[in-house]
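Engineer: Take a look at work_17.cif, mmCIF, C-alpha atoms and all ligand atoms:
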```cif
data_coords
#
loop_
_atom_site.label_atom_id
_atom_site.label_comp_id
_atom_site.auth_asym_id
_atom_site.auth_seq_id
_atom_site.Cartn_x
_atom_site.Cartn_y
_atom_site.Cartn_z
CA MET A 1223 0.00 0.00 0.00
CA LYS A 1224 1.10 3.55 -0.79
CA VAL A 1225 1.25 6.13 2.03
CA LYS A 1226 1.18 9.81 1.20
CA PHE A 1227 1.56 12.91 3.37
CA LYS A 1228 0.19 16.13 1.89
CA LYS A 1229 1.19 19.32 3.69
CA ILE A 1230 0.83 17.67 7.07
CA GLY A 1231 1.38 19.63 10.25
CA LYS A 1232 1.12 18.55 13.87
CA LYS A 1233 0.72 20.73 16.91
CA TYR A 1234 0.28 18.99 20.26
CA GLU A 1235 -2.26 20.45 22.64
CA GLY A 1236 -0.63 22.82 25.10
CA ARG A 1237 2.41 23.35 22.88
CA GLU A 1238 3.11 26.68 21.24
CA ALA A 1239 5.07 25.46 18.23
CA PHE A 1240 4.25 22.88 15.58
CA THR A 1241 6.11 19.59 16.13
CA LEU A 1242 5.84 18.76 12.42
CA ARG A 1243 5.58 21.35 9.67
CA ASN A 1244 4.58 21.03 6.02
CA ILE A 1245 5.40 17.35 5.63
CA ASN A 1246 5.10 16.24 2.00
CA LEU A 1247 6.10 12.66 1.45
CA GLU A 1248 5.24 9.68 -0.72
CA ILE A 1249 6.05 6.16 0.41
CA GLU A 1250 5.54 3.74 -2.45
CA ASP A 1251 3.97 0.30 -2.23
CA LYS A 1252 6.59 -2.28 -1.10
CA ASP A 1253 9.02 0.41 0.07
CA PHE A 1254 11.14 -0.15 3.14
CA CYS A 1255 11.09 3.44 4.27
CA VAL A 1256 13.31 4.46 7.18
CA ILE A 1257 12.44 7.65 9.03
CA LEU A 1258 15.73 8.84 10.44
CA GLY A 1259 16.72 11.78 12.62
CA PRO A 1260 18.03 12.93 15.98
CA SER A 1261 16.07 12.56 19.19
CA GLY A 1262 13.03 14.81 19.35
CA CYS A 1263 12.85 15.63 15.62
CA GLY A 1264 9.34 14.19 15.31
CA LYS A 1265 9.89 10.66 13.94
CA THR A 1266 7.59 8.90 16.38
CA THR A 1267 4.98 11.62 15.98
CA LEU A 1268 4.96 10.94 12.23
CA LEU A 1269 4.73 7.17 12.69
CA ARG A 1270 1.92 7.45 15.22
CA MET A 1271 -0.05 9.57 12.75
CA ILE A 1272 0.14 6.75 10.21
CA ALA A 1273 -0.97 4.34 12.94
CA GLY A 1274 -3.91 6.57 13.80
CA LEU A 1275 -2.63 7.03 17.35
CA ASN A 1276 -1.97 10.77 16.89
CA SER A 1277 -4.45 13.24 15.46
CA ILE A 1278 -3.46 15.30 12.43
CA THR A 1279 -3.62 19.08 12.91
CA GLU A 1280 -3.50 20.04 9.22
CA GLY A 1281 -3.03 18.46 5.82
CA ASP A 1282 -4.06 15.07 4.42
CA LEU A 1283 -2.85 11.54 5.05
CA LEU A 1284 -3.64 9.18 2.16
CA PHE A 1285 -3.49 5.38 1.99
CA ASP A 1286 -3.60 4.42 -1.69
CA ASP A 1287 -5.18 7.80 -2.50
CA MET A 1288 -7.88 7.45 0.17
CA ARG A 1289 -7.92 10.10 2.91
CA VAL A 1290 -7.60 8.40 6.28
CA ASN A 1291 -7.19 11.35 8.68
CA LYS A 1292 -10.30 10.33 10.56
CA VAL A 1293 -10.16 6.54 10.11
CA ALA A 1294 -9.80 4.73 13.46
CA SER A 1295 -6.53 2.96 14.15
CA LYS A 1296 -8.14 -0.51 14.20
CA ASP A 1297 -9.59 0.03 10.73
CA ARG A 1298 -6.32 1.05 9.09
CA ASP A 1299 -4.90 -2.37 8.28
CA ILE A 1300 -1.53 -1.62 9.84
CA ALA A 1301 0.54 -3.51 12.42
CA MET A 1302 3.02 -1.90 14.73
CA VAL A 1303 6.21 -3.31 16.28
CA PHE A 1304 7.60 -1.42 19.25
CA GLN A 1305 11.04 -1.08 20.76
CA SER A 1306 9.72 -2.57 24.00
CA TYR A 1307 8.19 -5.57 22.14
CA ALA A 1308 5.10 -5.15 24.38
CA LEU A 1309 4.54 -8.91 24.70
CA TYR A 1310 2.03 -10.23 27.23
CA PRO A 1311 4.16 -11.87 29.95
CA HIS A 1312 1.52 -14.36 31.13
CA MET A 1313 0.88 -15.76 27.63
CA THR A 1314 3.01 -18.23 25.69
CA VAL A 1315 4.73 -17.20 22.47
CA TYR A 1316 1.95 -18.95 20.55
CA GLU A 1317 -0.80 -17.14 22.48
CA ASN A 1318 0.97 -13.80 22.05
CA MET A 1319 1.05 -14.29 18.31
CA ALA A 1320 -2.52 -15.58 18.13
CA PHE A 1321 -3.97 -12.87 20.37
CA SER A 1322 -4.97 -10.20 17.86
CA LEU A 1323 -6.57 -12.77 15.55
CA SER A 1324 -8.50 -14.31 18.47
CA MET A 1325 -9.77 -10.86 19.38
CA ARG A 1326 -10.97 -10.50 15.80
CA LYS A 1327 -12.76 -13.84 16.26
CA GLU A 1328 -10.93 -15.49 13.35
CA ARG A 1329 -11.50 -19.25 12.92
CA LYS A 1330 -9.18 -21.45 15.01
CA LYS A 1331 -7.78 -23.17 11.90
CA ILE A 1332 -6.87 -19.83 10.27
CA ILE A 1333 -5.25 -18.61 13.49
CA HIS A 1334 -3.20 -21.78 13.80
CA ASP A 1335 -2.08 -21.71 10.16
CA ARG A 1336 -1.02 -18.07 10.36
CA VAL A 1337 0.89 -18.52 13.63
CA MET A 1338 2.70 -21.58 12.27
CA GLU A 1339 3.48 -19.82 9.00
CA ALA A 1340 5.01 -16.83 10.80
CA ALA A 1341 6.84 -19.09 13.26
CA GLU A 1342 8.36 -20.97 10.34
CA VAL A 1343 9.57 -17.81 8.58
CA LEU A 1344 10.95 -16.33 11.80
CA GLN A 1345 12.41 -19.63 13.01
CA ILE A 1346 10.69 -19.55 16.38
CA LYS A 1347 8.84 -22.88 16.20
CA ASP A 1348 10.97 -24.43 18.95
CA TYR A 1349 9.72 -22.16 21.65
CA LEU A 1350 6.10 -21.52 20.74
CA TYR A 1351 5.04 -22.83 24.15
CA SER A 1352 7.57 -20.83 26.21
CA LYS A 1353 6.75 -17.64 28.06
CA PRO A 1354 8.47 -14.38 26.95
CA SER A 1355 10.51 -14.36 30.18
CA ASP A 1356 12.10 -17.70 29.22
CA ILE A 1357 13.47 -16.62 25.83
CA SER A 1358 16.28 -14.24 24.80
CA GLY A 1359 15.92 -10.61 23.68
CA GLY A 1360 16.46 -11.52 20.04
CA GLN A 1361 13.83 -14.25 20.24
CA ARG A 1362 11.37 -11.87 21.88
CA GLN A 1363 11.96 -9.42 19.06
CA ARG A 1364 11.06 -12.14 16.56
CA VAL A 1365 7.87 -12.91 18.48
CA ALA A 1366 6.97 -9.22 18.33
CA LEU A 1367 7.49 -9.33 14.56
CA GLY A 1368 5.49 -12.56 14.33
CA ARG A 1369 2.62 -10.98 16.20
CA ALA A 1370 2.52 -8.21 13.59
CA MET A 1371 2.93 -10.65 10.67
CA VAL A 1372 -0.02 -12.91 11.51
CA ARG A 1373 -2.36 -10.02 10.87
CA LYS A 1374 -1.13 -9.76 7.29
CA PRO A 1375 -1.32 -5.97 7.41
CA LYS A 1376 -0.94 -3.67 4.42
CA VAL A 1377 1.76 -1.69 6.27
CA PHE A 1378 4.24 -2.57 9.01
CA LEU A 1379 5.14 0.29 11.34
CA MET A 1380 8.27 -0.24 13.41
CA ASP A 1381 9.53 2.11 16.11
CA GLU A 1382 13.22 1.45 16.89
CA PRO A 1383 12.55 -2.31 17.04
CA LEU A 1384 16.23 -3.28 17.37
CA SER A 1385 17.40 -0.74 19.92
CA ASN A 1386 17.16 -3.14 22.88
CA LEU A 1387 19.42 -5.74 21.26
CA ASP A 1388 23.19 -5.96 21.58
CA ALA A 1389 25.36 -4.88 18.63
CA LYS A 1390 25.92 -8.36 17.15
CA LEU A 1391 22.28 -9.36 17.32
CA ARG A 1392 21.22 -6.02 15.88
CA GLU A 1393 23.46 -6.61 12.88
CA HIS A 1394 21.97 -10.07 12.43
CA MET A 1395 18.37 -8.84 12.78
CA ARG A 1396 19.00 -6.10 10.19
CA VAL A 1397 19.67 -8.75 7.58
CA GLU A 1398 16.72 -10.83 8.79
CA LEU A 1399 14.40 -7.85 8.46
CA VAL A 1400 15.60 -7.15 4.93
CA ARG A 1401 15.04 -10.82 4.01
CA LEU A 1402 11.61 -10.77 5.62
CA HIS A 1403 10.69 -7.63 3.72
CA LYS A 1404 11.86 -9.16 0.44
CA SER A 1405 9.70 -12.22 0.96
CA LEU A 1406 6.58 -10.51 2.32
CA GLU A 1407 6.85 -7.36 0.16
CA THR A 1408 4.75 -5.45 2.67
CA THR A 1409 5.27 -1.67 2.80
CA THR A 1410 7.35 -1.04 5.92
CA ILE A 1411 7.89 2.25 7.71
CA TYR A 1412 10.67 2.07 10.24
CA VAL A 1413 11.77 4.74 12.72
CA THR A 1414 15.34 4.93 13.99
CA HIS A 1415 18.08 7.39 14.90
CA ASP A 1416 20.74 4.92 13.73
CA GLN A 1417 22.16 5.88 10.34
CA THR A 1418 23.60 2.39 9.80
CA GLU A 1419 20.13 0.84 10.06
CA ALA A 1420 18.86 3.39 7.58
CA MET A 1421 21.70 2.95 5.09
CA THR A 1422 21.60 -0.86 5.20
CA MET A 1423 17.88 -1.57 5.22
CA ALA A 1424 16.03 1.26 3.50
CA THR A 1425 14.84 1.45 -0.05
CA LYS A 1426 13.98 5.03 0.88
CA ILE A 1427 15.35 7.18 3.69
CA VAL A 1428 13.55 10.23 5.10
CA LEU A 1429 15.92 12.30 7.21
CA MET A 1430 14.22 14.74 9.56
CA ASN A 1431 15.41 17.52 11.79
CA ASP A 1432 13.40 19.89 13.91
CA GLY A 1433 10.03 18.77 12.53
CA LYS A 1434 11.01 19.13 8.87
CA ILE A 1435 12.17 16.73 6.18
CA GLN A 1436 15.78 17.52 5.27
CA GLN A 1437 16.09 15.00 2.45
CA ALA A 1438 14.16 11.97 1.16
CA GLY A 1439 15.50 9.42 -1.30
CA LYS A 1440 17.69 6.38 -1.85
CA PRO A 1441 20.54 5.64 0.61
CA GLU A 1442 23.25 6.25 -2.01
CA GLU A 1443 21.84 9.71 -2.73
CA PHE A 1444 22.36 10.60 0.93
CA TYR A 1445 25.94 9.49 0.76
CA ASN A 1446 26.81 10.96 -2.63
CA ARG A 1447 24.66 14.08 -2.79
CA PRO A 1448 23.64 15.35 0.65
CA HIS A 1449 21.27 18.29 0.11
CA ASN A 1450 22.64 20.39 2.95
CA ILE A 1451 25.23 20.47 5.71
CA PHE A 1452 22.91 18.83 8.25
CA VAL A 1453 22.47 15.80 5.98
CA ALA A 1454 26.18 15.73 5.15
CA LYS A 1455 27.06 15.58 8.83
CA PHE A 1456 24.35 13.09 9.80
CA ILE A 1457 25.18 10.38 7.26
CA GLY A 1458 28.63 8.78 7.16
CA SER A 1459 30.97 7.63 9.89
CA PRO A 1460 33.37 9.18 10.68
CA THR A 1461 31.61 12.34 9.58
CA MET A 1462 32.41 14.35 6.49
CA ASN A 1463 35.21 16.92 6.81
CA LEU A 1464 33.79 20.41 6.36
CA ILE A 1465 36.23 23.18 5.59
CA GLN A 1466 35.28 26.85 5.55
CA GLY A 1467 36.69 28.96 2.76
CA LYS A 1468 36.04 31.17 -0.26
CA MET A 1469 35.97 30.80 -4.00
CA LEU A 1470 38.69 32.99 -5.50
CA GLN A 1471 38.89 33.03 -9.31
CA GLY A 1472 37.97 29.41 -9.79
CA ARG A 1473 39.89 28.09 -6.81
CA PHE A 1474 38.67 27.04 -3.39
CA VAL A 1475 40.88 28.57 -0.69
CA SER A 1476 40.31 27.68 2.95
CA ASP A 1477 40.00 30.59 5.38
CA ASP A 1478 43.42 29.82 6.85
CA GLY A 1479 44.93 29.38 3.37
CA THR A 1480 46.35 25.92 4.07
CA ILE A 1481 43.93 23.99 1.86
CA GLN A 1482 43.46 24.98 -1.77
CA LEU A 1483 42.10 23.16 -4.79
CA THR A 1484 40.72 23.69 -8.27
CA PRO A 1485 37.35 21.90 -8.49
CA LYS A 1486 36.51 19.90 -11.61
CA GLU A 1487 34.78 21.62 -14.54
CA GLU A 1488 31.20 20.53 -13.69
CA ASP A 1489 31.54 21.80 -10.14
CA LEU A 1490 33.02 25.11 -11.31
CA ALA A 1491 29.92 25.79 -13.38
CA TYR A 1492 27.78 25.61 -10.22
CA LEU A 1493 30.33 27.61 -8.22
CA LYS A 1494 30.49 30.53 -10.66
CA PRO A 1495 28.02 32.75 -8.76
CA PHE A 1496 30.04 32.19 -5.58
CA ASP A 1497 33.24 33.97 -6.63
CA GLN A 1498 34.59 35.94 -3.62
CA LYS A 1499 31.87 34.37 -1.46
CA SER A 1500 32.01 32.02 1.50
CA VAL A 1501 31.54 28.35 0.72
CA THR A 1502 32.01 25.20 2.77
CA MET A 1503 33.92 22.39 1.12
CA GLY A 1504 33.05 18.85 2.18
CA VAL A 1505 35.12 15.72 1.74
CA ARG A 1506 34.41 12.32 3.21
CA PRO A 1507 37.28 10.76 5.22
CA GLU A 1508 37.69 7.95 2.68
CA ARG A 1509 38.06 10.30 -0.29
CA PHE A 1510 41.56 11.68 0.36
CA ILE A 1511 44.36 10.51 -1.89
CA SER A 1512 47.93 9.92 -0.75
CA CYS A 1513 49.75 10.24 -4.04
CA ASP A 1514 52.69 12.57 -4.71
CA LYS A 1515 51.62 13.29 -8.29
CA ILE A 1516 48.54 15.31 -7.37
CA SER A 1517 49.10 19.07 -7.51
CA ASP A 1518 46.56 20.31 -4.94
CA ARG A 1519 47.92 18.83 -1.77
CA PHE A 1520 48.06 19.86 1.85
CA GLU A 1521 50.25 18.91 4.76
CA CYS A 1522 49.05 17.67 8.11
CA VAL A 1523 50.37 16.04 11.25
CA ILE A 1524 48.67 12.90 12.55
CA ASP A 1525 47.57 13.19 16.19
CA VAL A 1526 45.79 9.92 16.75
CA VAL A 1527 45.56 6.69 14.75
CA GLU A 1528 42.50 4.54 15.37
CA MET A 1529 42.88 0.96 14.15
CA LEU A 1530 39.51 -0.62 13.35
CA GLY A 1531 40.76 -3.68 11.52
CA LYS A 1532 39.69 -3.20 7.94
CA GLU A 1533 40.29 0.56 8.16
CA LYS A 1534 42.52 2.98 10.00
CA ILE A 1535 41.18 6.38 11.00
CA LEU A 1536 43.73 9.18 11.12
CA TYR A 1537 42.93 12.24 13.20
CA ALA A 1538 45.20 14.99 11.91
CA LYS A 1539 45.70 18.75 12.02
CA THR A 1540 46.93 21.15 9.37
CA LYS A 1541 49.53 23.85 10.18
CA SER A 1542 46.76 26.21 11.19
CA ASN A 1543 45.10 23.64 13.45
CA GLN A 1544 42.27 22.69 11.09
CA ASP A 1545 41.05 19.21 12.11
CA ILE A 1546 41.05 16.62 9.33
CA ILE A 1547 39.77 13.04 9.58
CA ILE A 1548 41.16 10.58 7.05
CA SER A 1549 40.18 6.95 6.61
CA THR A 1550 42.68 4.58 5.00
CA PRO A 1551 42.76 0.80 4.52
CA GLY A 1552 43.77 -0.99 7.73
CA HIS A 1553 47.04 -2.38 6.39
CA TYR A 1554 48.48 1.04 5.47
CA VAL A 1555 51.24 2.15 7.84
CA TYR A 1556 50.77 5.49 9.58
CA GLY A 1557 52.15 6.57 12.93
CA GLU A 1558 51.15 9.21 15.46
CA GLY A 1559 53.24 12.40 15.23
CA GLU A 1560 54.09 11.87 11.57
CA ALA A 1561 53.64 14.58 8.92
CA HIS A 1562 51.99 13.55 5.64
CA THR A 1563 50.57 15.22 2.57
CA PHE A 1564 47.21 14.34 1.05
CA GLY A 1565 45.24 15.36 -2.01
CA PHE A 1566 41.54 15.07 -2.89
CA ASP A 1567 39.50 12.86 -5.15
CA LEU A 1568 37.94 15.69 -7.16
CA ASP A 1569 34.97 13.48 -8.11
CA ALA A 1570 33.94 13.42 -4.47
CA ILE A 1571 34.04 17.04 -3.35
CA HIS A 1572 30.87 18.59 -1.97
CA PHE A 1573 30.27 22.34 -1.89
CA PHE A 1574 27.75 24.11 0.32
CA ASP A 1575 26.69 27.75 0.59
CA THR A 1576 28.06 28.70 4.03
CA GLY A 1577 25.16 31.13 4.60
CA THR A 1578 22.18 28.92 3.74
CA GLU A 1579 24.02 25.59 4.31
CA GLU A 1580 22.39 24.27 1.09
CA ARG A 1581 24.27 22.19 -1.46
CA ILE A 1582 25.78 24.06 -4.42
CA ASN A 1583 27.18 21.42 -6.83
P1 LIG B 1601 13.02 10.08 19.94
O1 LIG B 1601 14.00 9.52 18.94
O2 LIG B 1601 13.69 10.66 21.14
O3 LIG B 1601 11.92 9.13 20.27
P2 LIG B 1601 11.37 11.47 18.01
O4 LIG B 1601 12.12 12.00 16.84
O5 LIG B 1601 10.61 10.22 17.84
O6 LIG B 1601 12.35 11.36 19.24
P3 LIG B 1601 8.88 12.61 18.94
O7 LIG B 1601 8.70 11.58 20.00
O8 LIG B 1601 8.01 12.53 17.76
O9 LIG B 1601 10.42 12.65 18.46
O10 LIG B 1601 8.76 14.03 19.62
C1 LIG B 1601 8.89 15.24 18.90
C2 LIG B 1601 8.54 16.42 19.79
O11 LIG B 1601 7.16 16.36 20.13
C3 LIG B 1601 9.30 16.44 21.10
O12 LIG B 1601 9.63 17.77 21.39
C4 LIG B 1601 8.30 15.91 22.11
O13 LIG B 1601 8.52 16.44 23.38
C5 LIG B 1601 6.97 16.38 21.53
N1 LIG B 1601 5.88 15.50 21.90
C6 LIG B 1601 5.80 14.17 21.64
N2 LIG B 1601 4.65 13.65 22.12
C7 LIG B 1601 3.98 14.69 22.70
C8 LIG B 1601 2.71 14.81 23.38
N3 LIG B 1601 1.90 13.76 23.52
N4 LIG B 1601 2.38 16.03 23.82
C9 LIG B 1601 3.18 17.09 23.67
N5 LIG B 1601 4.36 17.05 23.04
C10 LIG B 1601 4.78 15.87 22.57
#
```
Could you write out this structure as structure tokens?
Structural biologist:
Amino acid sequence: MKVKFKKIGKKYEGREAFTLRNINLEIEDKDFCVILGPSGCGKTTLLRMIAGLNSITEGDLLFDDMRVNKVASKDRDIAMVFQSYALYPHMTVYENMAFSLSMRKERKKIIHDRVMEAAEVLQIKDYLYSKPSDISGGQRQRVALGRAMVRKPKVFLMDEPLSNLDAKLREHMRVELVRLHKSLETTTIYVTHDQTEAMTMATKIVLMNDGKIQQAGKPEEFYNRPHNIFVAKFIGSPTMNLIQGKMLQGRFVSDDGTIQLTPKEEDLAYLKPFDQKSVTMGVRPERFISCDKISDRFECVIDVVEMLGKEKILYAKTKSNQDIIISTPGHYVYGEGEAHTFGFDLDAIHFFDTGTEERIN
């Protein structure tokens, strides 16, 4: 099912400001849409509107082109999975999964078939008759998913469903969720503040800040073409290097003069109106080049080397104390206190208007 937001705003009673403003968004059928953003930006508010648990102050919410602003939650054909799992402790796994169908007075045979089908897919058949307290966190999370699956909803809504799991299990469940989504093909809307979850699972990411959508699109677009400085900083780890400077006759010159480069032709065309003006140059840590043949190079001294196995992160400073973060393959040899020169991969330079913080190139 398709979910569409048209100029939606939300103001909570007793609050002066709108929590969400002018939200326009289309989530296509079968999308795995991840709503991403820092704490308090309005992600849960948005999800709860789709669930029918929050009223809508202004604008229209459409399910497959039908306005559902006033449709009760139980009539929306959605199923929600929470961070807390919200399982009934006194019921077995089987009863937890069967509960919503029993409440709907479905036939016993249908209930049994659906529970067994979900248990098979989620590989939880071995503990269908255990209580939630007797199974692990990861298993509980699967039961919570199973409980949503048996209803065969048109949309799954998930609010930080993996945040209570340890790092290894979270990684594992990310892949499981992607597999599950591929086999069920149910539109899924998933809230998280974890950029890795968004980048690895989403077919579409919606990044929010302060009640507004900052960018919506495919994960690779976020990485390759962040629309503004907020997006550039939010996606990517370690974060993108952002260097303040000016355009001077076709060259970028950092404010302290230590970093200079001539952008490639296509970028220069966009930068033309910015001659003599302040721009912010962005380069991801993995897009520096350590090759003596490049002309636009800068010198820096490495402060700290962080060895992560497959990569090494170098924390360095230029002569004028500009911080630079560089990521290199793990087997490259770099030592703390050493001076090195680096150049840039000109195909991977981002330029932003320092005033508006919007992307230029
Ligand atoms: P988190 O990641 O911390 O859960 P979030 O992005 O999901 O954050 P929301 O829970 O949607 O953010 O909250 C957005 C803003 O709306 C916050 O300032 C919050 O205090 C406010 N808010 C949420 N629920 C209510 C409510 N029922 N009444 C008044 N204000 C609320």
Engineer: Report as a ChimeraX atom specification all protein, DNA and RNA residues lying within 10 Å of Phe1574 of chain A, evaluated on only C-alpha atoms, omitting residues in the same chain fewer than 3 positions from it.
Structural biologist: /A:1448-1451,1454,1464,1466,1493,1500-1504,1577-1583
Engineer: Using only C-alpha atoms, which protein or nucleic acid residues come within 7 Å of Leu1242 of chain A? Drop anything in the same chain fewer than 6 positions from it, and give the result as a PyMOL selection string.
Structural biologist: chain A and resi 1231-1232+1264+1433-1434
Engineer: Please provide the set of residues having any atom within 9 Å of segment 1424-1427 of chain A, restricted to only C-alpha atoms, with same-chain residues fewer than 5 positions apart removed, written as an NGL selection string.
Structural biologist: :A and (1249 or 1253-1258 or 1400 or 1412 or 1419 or 1437-1441 or 1444)
Engineer: Given the choices A:Asn1431, A:Ser1517, A:Ser1352, A:Ser1405, which gets closest to ligand LIG 1601 (chain B) if the distance is worked out from all atoms listed in the file?
Structural biologist: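 Of all the options, A:Asn1431 lies closest to ligand LIG 1601 (chain B).
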Engineer: Find the distance between atom CA of Gln1482 of chain A and atom CA of Gly1557 of chain A and write it in Å to one decimal.
Structural biologist: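 One can read the atom CA of Gln1482 of chain A to atom CA of Gly1557 of chain A distance as 25.1 Å.
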Engineer: Give me the residues of chain A that have any atom at most 9 Å from an atom of ligand LIG 1601 (chain B); for each, the nearest atom pair and the distance in Å, rounded to one decimal. Use all atoms listed in the file, sort by chain and number, and format it as CSV.
Structural biologist:
```
residue,atom,partner,partner_atom,distance
A:Lys1232,CA,B:LIG1601,O11,9.0
A:Lys1233,CA,B:LIG1601,N5,8.0
A:Tyr1234,CA,B:LIG1601,C9,4.9
A:Glu1235,CA,B:LIG1601,C9,6.5
A:Gly1236,CA,B:LIG1601,C9,7.0
A:Arg1237,CA,B:LIG1601,C9,6.4
A:Phe1240,CA,B:LIG1601,O11,8.5
A:Thr1241,CA,B:LIG1601,O11,5.2
A:Leu1242,CA,B:LIG1601,C1,8.0
A:Ile1257,CA,B:LIG1601,O4,8.9
A:Leu1258,CA,B:LIG1601,O4,8.0
A:Gly1259,CA,B:LIG1601,O4,6.2
A:Pro1260,CA,B:LIG1601,O4,6.0
A:Ser1261,CA,B:LIG1601,O2,3.6
A:Gly1262,CA,B:LIG1601,O9,3.5
A:Cys1263,CA,B:LIG1601,O4,3.9
A:Gly1264,CA,B:LIG1601,O8,3.2
A:Lys1265,CA,B:LIG1601,O4,3.9
A:Thr1266,CA,B:LIG1601,O5,3.6
A:Thr1267,CA,B:LIG1601,O8,3.6
A:Leu1268,CA,B:LIG1601,O8,6.5
A:Leu1269,CA,B:LIG1601,O8,8.1
A:Arg1270,CA,B:LIG1601,O8,8.3
A:Asn1276,CA,B:LIG1601,N3,8.2
A:Asp1381,CA,B:LIG1601,O5,8.4
A:Glu1382,CA,B:LIG1601,O1,8.4
A:Val1413,CA,B:LIG1601,O5,7.6
A:Thr1414,CA,B:LIG1601,O1,6.9
A:His1415,CA,B:LIG1601,O1,6.1
A:Met1430,CA,B:LIG1601,O4,8.1
A:Asn1431,CA,B:LIG1601,O4,8.2
A:Asp1432,CA,B:LIG1601,C1,8.2
A:Gly1433,CA,B:LIG1601,C1,7.4
```
Engineer: Save out the residues we just selected, C-alpha atoms, as a CSV table (one decimal), in the frame of the given file.
Structural biologist:
```csv
chain,number,residue,atom,x,y,z
A,1232,LYS,CA,1.1,18.6,13.9
A,1233,LYS,CA,0.7,20.7,16.9
A,1234,TYR,CA,0.3,19.0,20.3
A,1235,GLU,CA,-2.3,20.4,22.6
A,1236,GLY,CA,-0.6,22.8,25.1
A,1237,ARG,CA,2.4,23.4,22.9
A,1240,PHE,CA,4.2,22.9,15.6
A,1241,THR,CA,6.1,19.6,16.1
A,1242,LEU,CA,5.8,18.8,12.4
A,1257,ILE,CA,12.4,7.6,9.0
A,1258,LEU,CA,15.7,8.8,10.4
A,1259,GLY,CA,16.7,11.8,12.6
A,1260,PRO,CA,18.0,12.9,16.0
A,1261,SER,CA,16.1,12.6,19.2
A,1262,GLY,CA,13.0,14.8,19.4
A,1263,CYS,CA,12.8,15.6,15.6
A,1264,GLY,CA,9.3,14.2,15.3
A,1265,LYS,CA,9.9,10.7,13.9
A,1266,THR,CA,7.6,8.9,16.4
A,1267,THR,CA,5.0,11.6,16.0
A,1268,LEU,CA,5.0,10.9,12.2
A,1269,LEU,CA,4.7,7.2,12.7
A,1270,ARG,CA,1.9,7.4,15.2
A,1276,ASN,CA,-2.0,10.8,16.9
A,1381,ASP,CA,9.5,2.1,16.1
A,1382,GLU,CA,13.2,1.4,16.9
A,1413,VAL,CA,11.8,4.7,12.7
A,1414,THR,CA,15.3,4.9,14.0
A,1415,HIS,CA,18.1,7.4,14.9
A,1430,MET,CA,14.2,14.7,9.6
A,1431,ASN,CA,15.4,17.5,11.8
A,1432,ASP,CA,13.4,19.9,13.9
A,1433,GLY,CA,10.0,18.8,12.5
```
Engineer: Which residues of segment 1369-1453 of chain A have any atom within 10 Å of an atom in segment 1297-1318 of chain A when counting all atoms listed in the file, and what is the closest pair of atoms for each, with the distance in Å to one decimal? Order the rows by chain and rising number and write it as JSON lines.
Structural biologist:
```
{"residue": "A:Arg1369", "atom": "CA", "partner": "A:Asn1318", "partner_atom": "CA", "distance": 6.7}
{"residue": "A:Ala1370", "atom": "CA", "partner": "A:Ala1301", "partner_atom": "CA", "distance": 5.2}
{"residue": "A:Met1371", "atom": "CA", "partner": "A:Ala1301", "partner_atom": "CA", "distance": 7.7}
{"residue": "A:Val1372", "atom": "CA", "partner": "A:Ala1301", "partner_atom": "CA", "distance": 9.5}
{"residue": "A:Arg1373", "atom": "CA", "partner": "A:Ala1301", "partner_atom": "CA", "distance": 7.3}
{"residue": "A:Lys1374", "atom": "CA", "partner": "A:Ala1301", "partner_atom": "CA", "distance": 8.3}
{"residue": "A:Pro1375", "atom": "CA", "partner": "A:Ile1300", "partner_atom": "CA", "distance": 5.0}
{"residue": "A:Lys1376", "atom": "CA", "partner": "A:Asp1299", "partner_atom": "CA", "distance": 5.7}
{"residue": "A:Val1377", "atom": "CA", "partner": "A:Ile1300", "partner_atom": "CA", "distance": 4.9}
{"residue": "A:Phe1378", "atom": "CA", "partner": "A:Ala1301", "partner_atom": "CA", "distance": 5.1}
{"residue": "A:Leu1379", "atom": "CA", "partner": "A:Met1302", "partner_atom": "CA", "distance": 4.6}
{"residue": "A:Met1380", "atom": "CA", "partner": "A:Val1303", "partner_atom": "CA", "distance": 4.7}
{"residue": "A:Asp1381", "atom": "CA", "partner": "A:Phe1304", "partner_atom": "CA", "distance": 5.1}
{"residue": "A:Glu1382", "atom": "CA", "partner": "A:Gln1305", "partner_atom": "CA", "distance": 5.1}
{"residue": "A:Pro1383", "atom": "CA", "partner": "A:Gln1305", "partner_atom": "CA", "distance": 4.2}
{"residue": "A:Leu1384", "atom": "CA", "partner": "A:Gln1305", "partner_atom": "CA", "distance": 6.6}
{"residue": "A:Ser1385", "atom": "CA", "partner": "A:Gln1305", "partner_atom": "CA", "distance": 6.4}
{"residue": "A:Asn1386", "atom": "CA", "partner": "A:Gln1305", "partner_atom": "CA", "distance": 6.8}
{"residue": "A:Leu1387", "atom": "CA", "partner": "A:Gln1305", "partner_atom": "CA", "distance": 9.6}
{"residue": "A:Thr1409", "atom": "CA", "partner": "A:Ile1300", "partner_atom": "CA", "distance": 9.8}
{"residue": "A:Thr1410", "atom": "CA", "partner": "A:Ile1300", "partner_atom": "CA", "distance": 9.7}
{"residue": "A:Ile1411", "atom": "CA", "partner": "A:Met1302", "partner_atom": "CA", "distance": 9.5}
{"residue": "A:Tyr1412", "atom": "CA", "partner": "A:Val1303", "partner_atom": "CA", "distance": 9.2}
{"residue": "A:Val1413", "atom": "CA", "partner": "A:Phe1304", "partner_atom": "CA", "distance": 9.9}
```
Engineer: What does the distance from atom CA of Ala1389 of chain A to atom CA of Ala1538 of chain A come to in Å, to one decimal?
Structural biologist: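 One can read the atom CA of Ala1389 of chain A to atom CA of Ala1538 of chain A distance as 28.9 Å.
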